[in-house]
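Undergrad: Just dropping this structure here.
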Amino acid sequence: MKIKVYGKVHLSGTSKKTGNKYDFIQLHTLVPQRGVDGQAAKTLSISPDIINYDAIVIGKDLDVEVDFDGRIVSARPADSKF
C-alpha cells in the first residue's frame with residue numbers, strides 16, 4: 001500500500017507514568033475512509049527498526065506493508081528500486 005507522508009516525528013524516551021522506554025516514529029498521512037467525503041487524517045506509528053527516520057521524506061510516498069491488525073511491518077520509499 002502506498003501512503004503519502006505529510007508529517008513525521010521521532011519520539012523516544014522514558015514514560016514518566018510507567019517508567020517504560022519508548023522509541024517510535026509517528027507518521028501523519030491522509031487516507032480514504034468510508035463515510036468521509038475526501039480523505040481522513042491518520043497518524044501511524046512505525047518502529048525505527050523498520051525504516052530509518054531520514055529515509056522518510058515529507059511530501060513523498062512510502063510503500064508500506066501492514067499486518068492483519070493494520071500495524072506497519074515493512075516500509076520503504078516508494079521510488080526505491082528494491
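Residues in the C-alpha cells are named by chain (A, B, ... in the order shown) and by number from 1 within that chain; ligands are numbered from 1 in the order shown.
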Please identify all polymer residues within 9 Å of segment 49-52 of chain A, counting only C-alpha atoms, omitting same-chain residues fewer than 5 positions from it, and present them as a ChimeraX atom specification.
TA: /A:24,72-76
Undergrad: Just the selected residues (N, CA, C and O atoms), exported as a short mmCIF file (atom, residue, chain, number, x, y, z; two decimals), in the first residue's frame, please.
TA:
data_model
loop_
_atom_site.label_atom_id
_atom_site.label_comp_id
_atom_site.auth_asym_id
_atom_site.auth_seq_id
_atom_site.Cartn_x
_atom_site.Cartn_y
_atom_site.Cartn_z
N PHE A 24 9.66 5.33 18.77
CA PHE A 24 8.88 5.09 17.56
C PHE A 24 8.84 6.34 16.71
O PHE A 24 9.13 7.44 17.17
N ILE A 72 2.18 -1.46 10.78
CA ILE A 72 3.16 -1.48 9.70
C ILE A 72 4.27 -2.48 10.04
O ILE A 72 4.86 -2.42 11.11
N VAL A 73 4.52 -3.41 9.10
CA VAL A 73 5.56 -4.42 9.32
C VAL A 73 6.76 -4.22 8.39
O VAL A 73 7.83 -4.77 8.63
N SER A 74 6.58 -3.45 7.30
CA SER A 74 7.70 -3.10 6.44
C SER A 74 7.38 -1.79 5.74
O SER A 74 6.22 -1.44 5.54
N ALA A 75 8.45 -1.05 5.41
CA ALA A 75 8.28 0.24 4.72
C ALA A 75 9.54 0.56 3.95
O ALA A 75 10.64 0.20 4.36
N ARG A 76 9.35 1.24 2.82
CA ARG A 76 10.48 1.73 2.04
C ARG A 76 9.99 2.90 1.19
O ARG A 76 8.80 2.98 0.87
#
Undergrad: Per residue of segment 48-68 of chain A within 9 Å of segment 8-23 of chain A, what are the shortest atom pair and its distance in Å to one decimal, counting only C-alpha atoms, with rows by chain and residue number, as CSV?
TA:
residue,atom,partner,partner_atom,distance
A:Pro48,CA,A:Asp23,CA,7.4
A:Tyr53,CA,A:His10,CA,7.1
A:Ile56,CA,A:Lys8,CA,8.0
A:Val57,CA,A:Lys8,CA,8.6
A:Ile58,CA,A:Lys8,CA,7.4
Undergrad: Keeping all heavy atoms for every residue in the selection just given, could you write it to a file as a short mmCIF file (atom, residue, chain, number, x, y, z; two decimals), in the first residue's frame?
TA:
data_model
loop_
_atom_site.label_atom_id
_atom_site.label_comp_id
_atom_site.auth_asym_id
_atom_site.auth_seq_id
_atom_site.Cartn_x
_atom_site.Cartn_y
_atom_site.Cartn_z
N PRO A 48 11.56 2.47 14.43
CA PRO A 48 12.76 2.88 13.70
C PRO A 48 13.59 1.68 13.24
O PRO A 48 14.49 1.83 12.42
CB PRO A 48 13.52 3.75 14.69
CG PRO A 48 12.83 3.66 15.99
CD PRO A 48 11.55 2.95 15.80
N TYR A 53 14.59 7.08 10.07
CA TYR A 53 13.84 8.35 10.09
C TYR A 53 14.21 9.24 8.91
O TYR A 53 13.34 9.84 8.27
CB TYR A 53 14.11 9.08 11.41
CG TYR A 53 13.36 10.38 11.57
CD1 TYR A 53 12.04 10.38 11.96
CD2 TYR A 53 13.99 11.59 11.32
CE1 TYR A 53 11.34 11.57 12.10
CE2 TYR A 53 13.31 12.79 11.47
CZ TYR A 53 11.98 12.77 11.86
OH TYR A 53 11.28 13.95 12.00
N ILE A 56 12.56 8.78 5.41
CA ILE A 56 11.17 9.21 5.25
C ILE A 56 11.19 10.68 4.85
O ILE A 56 11.67 11.52 5.60
CB ILE A 56 10.38 9.01 6.56
CG1 ILE A 56 10.44 7.56 7.00
CG2 ILE A 56 8.94 9.49 6.39
CD1 ILE A 56 9.96 7.33 8.43
N VAL A 57 10.68 10.97 3.65
CA VAL A 57 10.72 12.33 3.12
C VAL A 57 9.30 12.90 3.08
O VAL A 57 8.40 12.30 2.47
CB VAL A 57 11.34 12.36 1.71
CG1 VAL A 57 11.36 13.77 1.16
CG2 VAL A 57 12.74 11.76 1.74
N ILE A 58 9.12 14.03 3.73
CA ILE A 58 7.81 14.69 3.74
C ILE A 58 7.44 15.06 2.31
O ILE A 58 8.25 15.59 1.56
CB ILE A 58 7.82 15.92 4.67
CG1 ILE A 58 8.03 15.45 6.11
CG2 ILE A 58 6.53 16.73 4.53
CD1 ILE A 58 8.27 16.56 7.09
#
Undergrad: For Val5 of chain A, list every protein, DNA or RNA residue within 10 Å, evaluated using only C-alpha atoms, and leave out those in the same chain fewer than 2 positions away; present the list as a ChimeraX atom specification.
TA: /A:2-3,7-8,27-30,56-62
Undergrad: Write out, as a short mmCIF file (atom, residue, chain, number, x, y, z; two decimals), in the first residue's frame, the residues just selected, with all heavy atoms.
TA:
data_model
loop_
_atom_site.label_atom_id
_atom_site.label_comp_id
_atom_site.auth_asym_id
_atom_site.auth_seq_id
_atom_site.Cartn_x
_atom_site.Cartn_y
_atom_site.Cartn_z
N LYS A 2 0.50 2.24 -0.73
CA LYS A 2 1.26 3.48 -0.78
C LYS A 2 0.59 4.52 0.11
O LYS A 2 -0.63 4.67 0.09
CB LYS A 2 1.27 4.01 -2.21
CG LYS A 2 2.62 4.14 -2.80
CD LYS A 2 2.55 4.61 -4.21
CE LYS A 2 3.52 3.74 -4.96
NZ LYS A 2 3.71 4.04 -6.30
N ILE A 3 1.41 5.23 0.89
CA ILE A 3 0.90 6.35 1.68
C ILE A 3 1.79 7.56 1.42
O ILE A 3 2.99 7.43 1.22
CB ILE A 3 0.85 6.05 3.20
CG1 ILE A 3 2.25 5.74 3.76
CG2 ILE A 3 -0.13 4.95 3.50
CD1 ILE A 3 2.30 5.70 5.26
N GLY A 7 3.73 14.55 7.42
CA GLY A 7 4.48 14.96 8.61
C GLY A 7 5.09 13.76 9.28
O GLY A 7 4.66 12.62 9.07
N LYS A 8 6.14 13.99 10.08
CA LYS A 8 6.80 12.91 10.80
C LYS A 8 7.44 13.46 12.06
O LYS A 8 7.80 14.64 12.14
CB LYS A 8 7.86 12.23 9.92
CG LYS A 8 9.03 13.15 9.56
CD LYS A 8 10.07 12.44 8.73
CE LYS A 8 11.27 13.35 8.47
NZ LYS A 8 12.37 12.66 7.83
N LEU A 27 3.98 8.92 11.89
CA LEU A 27 3.75 9.42 10.54
C LEU A 27 2.36 10.03 10.45
O LEU A 27 1.40 9.47 10.98
CB LEU A 27 3.85 8.28 9.52
CG LEU A 27 5.17 7.52 9.44
CD1 LEU A 27 5.03 6.35 8.48
CD2 LEU A 27 6.29 8.45 9.03
N HIS A 28 2.25 11.14 9.75
CA HIS A 28 0.97 11.79 9.53
C HIS A 28 0.65 11.70 8.05
O HIS A 28 1.48 12.06 7.20
CB HIS A 28 1.02 13.25 9.99
CG HIS A 28 1.31 13.37 11.45
ND1 HIS A 28 0.33 13.36 12.40
CD2 HIS A 28 2.48 13.47 12.12
CE1 HIS A 28 0.87 13.47 13.60
NE2 HIS A 28 2.19 13.53 13.45
N THR A 29 -0.56 11.20 7.73
CA THR A 29 -0.94 10.98 6.35
C THR A 29 -2.43 11.21 6.17
O THR A 29 -3.15 11.43 7.15
CB THR A 29 -0.54 9.54 5.92
OG1 THR A 29 -0.73 9.40 4.52
CG2 THR A 29 -1.31 8.50 6.68
N LEU A 30 -2.89 11.20 4.95
CA LEU A 30 -4.32 11.28 4.62
C LEU A 30 -4.70 9.99 3.92
O LEU A 30 -3.97 9.52 3.04
CB LEU A 30 -4.60 12.48 3.72
CG LEU A 30 -4.30 13.85 4.31
CD1 LEU A 30 -4.49 14.94 3.25
CD2 LEU A 30 -5.17 14.14 5.51
N ILE A 56 12.56 8.78 5.41
CA ILE A 56 11.17 9.21 5.25
C ILE A 56 11.19 10.68 4.85
O ILE A 56 11.67 11.52 5.60
CB ILE A 56 10.38 9.01 6.56
CG1 ILE A 56 10.44 7.56 7.00
CG2 ILE A 56 8.94 9.49 6.39
CD1 ILE A 56 9.96 7.33 8.43
N VAL A 57 10.68 10.97 3.65
CA VAL A 57 10.72 12.33 3.12
C VAL A 57 9.30 12.90 3.08
O VAL A 57 8.40 12.30 2.47
CB VAL A 57 11.34 12.36 1.71
CG1 VAL A 57 11.36 13.77 1.16
CG2 VAL A 57 12.74 11.76 1.74
N ILE A 58 9.12 14.03 3.73
CA ILE A 58 7.81 14.69 3.74
C ILE A 58 7.44 15.06 2.31
O ILE A 58 8.25 15.59 1.56
CB ILE A 58 7.82 15.92 4.67
CG1 ILE A 58 8.03 15.45 6.11
CG2 ILE A 58 6.53 16.73 4.53
CD1 ILE A 58 8.27 16.56 7.09
N GLY A 59 6.19 14.76 1.95
CA GLY A 59 5.70 15.04 0.61
C GLY A 59 5.91 13.90 -0.37
O GLY A 59 5.44 13.96 -1.50
N LYS A 60 6.63 12.87 0.05
CA LYS A 60 6.89 11.70 -0.82
C LYS A 60 6.08 10.51 -0.32
O LYS A 60 5.60 10.47 0.81
CB LYS A 60 8.37 11.33 -0.80
CG LYS A 60 9.28 12.41 -1.33
CD LYS A 60 9.18 12.49 -2.82
CE LYS A 60 10.20 13.50 -3.34
NZ LYS A 60 10.28 13.48 -4.79
N ASP A 61 5.96 9.50 -1.20
CA ASP A 61 5.22 8.29 -0.86
C ASP A 61 6.12 7.25 -0.21
O ASP A 61 7.31 7.17 -0.50
CB ASP A 61 4.62 7.66 -2.12
CG ASP A 61 3.51 8.50 -2.72
OD1 ASP A 61 2.91 9.32 -2.00
OD2 ASP A 61 3.22 8.31 -3.92
N LEU A 62 5.51 6.45 0.66
CA LEU A 62 6.14 5.26 1.23
C LEU A 62 5.33 4.06 0.80
O LEU A 62 4.10 4.10 0.79
CB LEU A 62 6.12 5.30 2.76
CG LEU A 62 7.11 6.14 3.53
CD1 LEU A 62 6.87 5.97 5.02
CD2 LEU A 62 8.53 5.78 3.19
#
Undergrad: Rounded to one decimal in Å, what is the spacing between atom CA of Arg34 of chain A and atom CA of Val64 of chain A?
TA: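 Here the two named atoms are 20.5 Å from each other.
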Undergrad: Mind pulling up the distance from atom CA of Asp54 of chain A to atom CA of Lys42 of chain A?
TA: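 So the two atoms, atom CA of Lys42 of chain A and atom CA of Asp54 of chain A, lie 20.6 Å apart.
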Undergrad: Taking only C-alpha atoms into account, name the residue in A:Ala41, A:Ile25, A:Ala55, A:Ile46 that is nearest to Gly70 of chain A.
TA: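 The shortest atom-to-atom distance to Gly70 of chain A comes from A:Ile46.
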Undergrad: Looking only at the backbone, which of the residues in segment 18-49 of chain A does DSSP tag as strand (DSSP E or B), as a VMD selection string?
TA: chain A and resid 21 to 31 40 to 46
Undergrad: Compare A:Ser47, A:Val31, A:Gly38, A:Val66 by their minimum atom-to-atom distance to Lys4 of chain A, counting only C-alpha atoms, and give me the closest one.
TA: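 Looking only at the distances to Lys4 of chain A, the closest residue turns out to be A:Val31.
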Undergrad: Measure the distance from atom CA of Asp37 of chain A to atom CA of Asp67 of chain A in Å and round it to one decimal.
TA: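 Atom-to-atom, atom CA of Asp37 of chain A to atom CA of Asp67 of chain A, that is 26.4 Å.
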